[in-house]
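A.B. asks: Got a structure here, written out as structure tokens. Questions coming.
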Amino acid sequence: MSFLKSRSRMILIVFAVTAVNFAVVADTNAVVATAEKCPPVASVNVVTMAPVGDTAFDRAVRAELKAAVNDAKEEYKDRYEELKTAHDRFMLQLNISLWVISGLVALLGVVVPLLSVWREKKMMKEVRNLKRRLGELLKSDSQFQRMQAKHSSSTMKLEWVKFLHIVQSGNAKDRDIVLPLYRTVETLVLANKLGDTQFLDECVKDAAHSVSVYGEALKDKSDLDKSFKDFVREKSICTDSINFNYLAETLGGKTPSLKAVLKFMNEFGITMFGEVDG
């Protein structure tokens, strides 16, 4: 607003100077015209009066110019103060921002490695806990499998006793062979998966003993023996060809007990444990 005011004042001064010039020119023309008609003294008076008017005009112009210059100085001073204040405020904010950024960078340089170390330690701790829990689960699973295999071995012995009792009583039917045969297969499978060679060898010896007793009990009952074997083959009992459990690989070879068991199983069409001639 002050700047516009100064420009308006300068425009008015220019118009004033122009008007005064026109007036001076008009007055001068009038003085010249009068001087031609008047005596020389009058002409001298007019001429001597003109400088007086010019001096007053100059003073007025200089006064206006001085006032305009003063206004311009004040305007410049105000603008300079505003710019200087804005500059100082900007520099202060910039310095504060730089301090904050520098502090954050330094802080991150310390915190990030600490966080990485902390996270690594936490992950290692979680891994150790997972390994420990996995070990406990595997141990529990192994113990469960061992209990299951031992239970199956006991059940196998019991079923063979019951079966041979039925055979000796003369009331045996072809389907009576299914349960003791199934328990024998189950025991050998569980013992083989357990991975305990000693326990597997014991189960194989128990199965071989049952096979030997079976042979003694049916030595004079060939028709009943054939009936049992035909029934198992016809019904495809325990003849899953997908679930292979080669006991010779686990035991490190075919022991006499294992050969007797494999021969007995092969006669019923069961080859998942290997073949006696293989």
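Numbering starts fresh at 1 for the residues of each chain in the structure tokens, the chains themselves are lettered A, B, ... in the order given, and ligands are numbered from 1 as they appear.
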Report as a tab-separated table: every residue of stretch 207-246 of chain A with an atom at most 12 Å from stretch 196-201 of chain A, its closest pair of atoms, and their distance in Å to one decimal, counting only C-alpha atoms, with rows sorted by chain and ascending residue number.
C.D. replies:
```
residue	atom	partner	partner_atom	distance
A:Ala207	CA	A:Asp201	CA	9.8
A:Ala208	CA	A:Asp201	CA	10.4
A:Asn245	CA	A:Leu200	CA	11.7
A:Tyr246	CA	A:Leu200	CA	11.9
```
A.B. asks: How would the residues just chosen look if you wrote them out with all heavy atoms as a CSV table (one decimal), in the first residue's frame?
C.D. replies:
```
chain,number,residue,atom,x,y,z
A,207,ALA,N,7.2,-113.9,16.9
A,207,ALA,CA,6.4,-114.3,15.8
A,207,ALA,C,6.8,-115.7,15.3
A,207,ALA,O,6.0,-116.6,14.9
A,207,ALA,CB,6.5,-113.3,14.7
A,208,ALA,N,8.1,-115.9,15.3
A,208,ALA,CA,8.7,-117.2,14.8
A,208,ALA,C,8.2,-118.4,15.8
A,208,ALA,O,7.9,-119.5,15.3
A,208,ALA,CB,10.2,-117.2,14.7
A,245,ASN,N,7.9,-103.1,4.3
A,245,ASN,CA,8.7,-103.1,5.5
A,245,ASN,C,9.7,-104.2,5.4
A,245,ASN,O,9.5,-105.3,6.0
A,245,ASN,CB,7.8,-103.2,6.8
A,245,ASN,CG,6.9,-102.0,7.0
A,245,ASN,OD1,7.3,-101.0,7.7
A,245,ASN,ND2,5.7,-102.0,6.4
A,246,TYR,N,10.8,-104.0,4.7
A,246,TYR,CA,11.7,-105.1,4.5
A,246,TYR,C,12.5,-105.3,5.8
A,246,TYR,O,13.4,-104.5,6.1
A,246,TYR,CB,12.6,-104.8,3.3
A,246,TYR,CG,11.9,-104.8,2.0
A,246,TYR,CD1,11.9,-103.6,1.2
A,246,TYR,CD2,11.1,-105.9,1.6
A,246,TYR,CE1,11.2,-103.6,0.0
A,246,TYR,CE2,10.5,-105.9,0.4
A,246,TYR,CZ,10.5,-104.7,-0.4
A,246,TYR,OH,9.8,-104.7,-1.6
```
A.B. asks: When distances are computed from only C-alpha atoms, which of A:Phe268, A:Phe244, A:Trp99, A:Tyr76 shows the smallest separation from A:Leu188?
C.D. replies: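 Under the stated criterion, the closest residue is A:Phe244.
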A.B. asks: Kindly indicate which residue among A:Glu126, A:Asp206, A:Glu267, A:Glu216 lies nearest to A:Val232, using only C-alpha atoms for the distances.
C.D. replies: A:Glu267
A.B. asks: Find the distance between atom CA of A:Ala248 and atom CA of A:Glu275 and write it in Å to one decimal.
C.D. replies: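 Straight-line distance from atom CA of A:Ala248 to atom CA of A:Glu275 works out to 9.7 Å.
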A.B. asks: What is the atom CA of A:Thr187-atom CA of A:Glu136 distance in Å, reported with one decimal?
C.D. replies: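 Rounded to one decimal, the two atoms are 24.7 Å apart.
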A.B. asks: Could you please determine the separation between atom CA of A:Glu186 and atom CA of A:Tyr214 in Å, to one decimal place?
C.D. replies: 18.2 Å
A.B. asks: Which one of A:Phe264, A:Phe90, A:Phe273, A:Phe231 sits closest to A:Arg175 if you count only C-alpha atoms?
C.D. replies: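 Counting only C-alpha atoms, the residue closest to A:Arg175 is A:Phe231.
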A.B. asks: Just the residues within 12 Å of A:Cys203, please, counting only C-alpha atoms, with nothing from its chain fewer than 4 positions along; format it as JSON, numbers by chain.
C.D. replies: {"A": [149, 150, 151, 152, 153, 154, 155, 156, 157, 183, 184, 185, 186, 187, 188, 189, 190, 191, 192, 194, 196, 197, 198, 199, 207, 208, 209, 210, 247, 251, 257, 258, 261]}
A.B. asks: For A:Lys219, which residue among A:Ala56, A:Val167, A:Leu130, A:Val61 is the nearest when counting only C-alpha atoms?
C.D. replies: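 Of A:Ala56, A:Val167, A:Leu130, A:Val61, the one nearest A:Lys219 is A:Val167, counting only C-alpha atoms.
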A.B. asks: Enumerate, as a ChimeraX atom specification, the complete set of residues in stretch 128-264 of chain A that a backbone-based DSSP assignment places in alpha helix (DSSP H).
C.D. replies: /A:128-169,178-194,197-217,222-235,247-251,256-264
A.B. asks: Print the selection's residues with C-alpha atoms to a file, as a tab-separated table (two decimals), in the first residue's frame.
C.D. replies:
```tsv
chain	number	residue	atom	x	y	z
A	128	ARG	CA	16.10	-73.18	20.59
A	129	ASN	CA	12.66	-73.36	22.18
A	130	LEU	CA	11.21	-74.86	19.00
A	131	LYS	CA	14.02	-77.41	18.81
A	132	ARG	CA	13.49	-78.29	22.45
A	133	ARG	CA	9.74	-78.66	21.96
A	134	LEU	CA	10.30	-80.67	18.78
A	135	GLY	CA	12.71	-82.92	20.64
A	136	GLU	CA	10.17	-83.39	23.40
A	137	LEU	CA	7.45	-84.18	20.86
A	138	LEU	CA	9.70	-86.65	19.04
A	139	LYS	CA	10.64	-88.24	22.33
A	140	SER	CA	6.99	-88.46	23.34
A	141	ASP	CA	6.08	-89.85	19.93
A	142	SER	CA	8.87	-92.42	20.16
A	143	GLN	CA	7.73	-93.44	23.62
A	144	PHE	CA	4.15	-93.70	22.39
A	145	GLN	CA	5.20	-95.83	19.40
A	146	ARG	CA	7.22	-98.08	21.70
A	147	MET	CA	4.24	-98.50	24.04
A	148	GLN	CA	1.99	-99.18	21.07
A	149	ALA	CA	4.41	-101.76	19.65
A	150	LYS	CA	4.76	-103.48	23.02
A	151	HIS	CA	1.01	-103.55	23.44
A	152	SER	CA	0.61	-105.00	19.95
A	153	SER	CA	3.26	-107.64	20.73
A	154	SER	CA	1.42	-108.68	23.88
A	155	THR	CA	-1.87	-108.78	22.01
A	156	MET	CA	-0.26	-110.86	19.25
A	157	LYS	CA	0.82	-113.51	21.76
A	158	LEU	CA	-2.62	-113.56	23.33
A	159	GLU	CA	-4.40	-113.94	19.98
A	160	TRP	CA	-2.16	-116.82	18.97
A	161	VAL	CA	-2.91	-118.60	22.25
A	162	LYS	CA	-6.64	-118.16	21.74
A	163	PHE	CA	-6.40	-119.28	18.10
A	164	LEU	CA	-4.41	-122.43	18.88
A	165	HIS	CA	-6.86	-123.29	21.64
A	166	ILE	CA	-9.70	-123.09	19.11
A	167	VAL	CA	-7.72	-125.28	16.69
A	168	GLN	CA	-7.09	-127.89	19.36
A	169	SER	CA	-10.76	-127.89	20.34
A	178	VAL	CA	-7.45	-113.47	10.61
A	179	LEU	CA	-7.04	-111.89	14.05
A	180	PRO	CA	-3.75	-113.55	15.12
A	181	LEU	CA	-2.33	-113.00	11.64
A	182	TYR	CA	-3.36	-109.34	11.68
A	183	ARG	CA	-1.80	-108.78	15.13
A	184	THR	CA	1.45	-110.38	13.94
A	185	VAL	CA	1.61	-108.08	10.91
A	186	GLU	CA	0.77	-105.04	13.04
A	187	THR	CA	3.50	-105.85	15.59
A	188	LEU	CA	6.18	-106.30	12.93
A	189	VAL	CA	5.21	-103.06	11.19
A	190	LEU	CA	5.27	-101.03	14.41
A	191	ALA	CA	8.54	-102.57	15.56
A	192	ASN	CA	10.16	-101.88	12.19
A	193	LYS	CA	9.04	-98.22	12.18
A	194	LEU	CA	10.29	-97.78	15.74
A	197	THR	CA	16.77	-103.31	16.04
A	198	GLN	CA	16.87	-105.19	19.33
A	199	PHE	CA	13.15	-104.77	19.93
A	200	LEU	CA	12.39	-105.76	16.33
A	201	ASP	CA	14.51	-108.88	16.67
A	202	GLU	CA	12.59	-109.83	19.82
A	203	CYS	CA	9.25	-109.36	18.01
A	204	VAL	CA	10.46	-111.47	15.09
A	205	LYS	CA	11.50	-114.25	17.49
A	206	ASP	CA	8.07	-114.10	19.19
A	207	ALA	CA	6.38	-114.35	15.78
A	208	ALA	CA	8.67	-117.24	14.82
A	209	HIS	CA	7.69	-119.06	18.01
A	210	SER	CA	3.98	-118.62	17.17
A	211	VAL	CA	4.64	-119.89	13.65
A	212	SER	CA	6.40	-122.95	15.07
A	213	VAL	CA	3.49	-123.69	17.41
A	214	TYR	CA	1.07	-123.22	14.49
A	215	GLY	CA	3.01	-125.79	12.46
A	216	GLU	CA	2.92	-128.30	15.31
A	217	ALA	CA	-0.80	-127.74	15.90
A	222	SER	CA	-3.45	-130.10	6.31
A	223	ASP	CA	-6.97	-129.44	5.08
A	224	LEU	CA	-7.54	-126.83	7.80
A	225	ASP	CA	-4.16	-125.25	7.05
A	226	LYS	CA	-5.08	-125.03	3.36
A	227	SER	CA	-8.47	-123.58	4.28
A	228	PHE	CA	-6.79	-120.82	6.34
A	229	LYS	CA	-4.35	-119.92	3.58
A	230	ASP	CA	-6.96	-119.96	0.81
A	231	PHE	CA	-9.26	-117.74	2.88
A	232	VAL	CA	-6.54	-115.14	3.55
A	233	ARG	CA	-5.42	-115.08	-0.09
A	234	GLU	CA	-9.00	-114.88	-1.36
A	235	LYS	CA	-9.86	-111.99	0.96
A	247	LEU	CA	12.81	-106.50	7.84
A	248	ALA	CA	16.08	-107.91	6.48
A	249	GLU	CA	17.30	-104.37	5.79
A	250	THR	CA	16.55	-103.27	9.34
A	251	LEU	CA	18.00	-106.36	10.97
A	256	PRO	CA	16.78	-118.00	11.06
A	257	SER	CA	13.81	-116.57	12.95
A	258	LEU	CA	13.18	-114.02	10.18
A	259	LYS	CA	13.37	-116.70	7.47
A	260	ALA	CA	10.75	-118.76	9.30
A	261	VAL	CA	8.44	-115.75	9.63
A	262	LEU	CA	8.89	-114.68	5.98
A	263	LYS	CA	8.19	-118.23	4.75
A	264	PHE	CA	5.03	-118.37	6.84
```
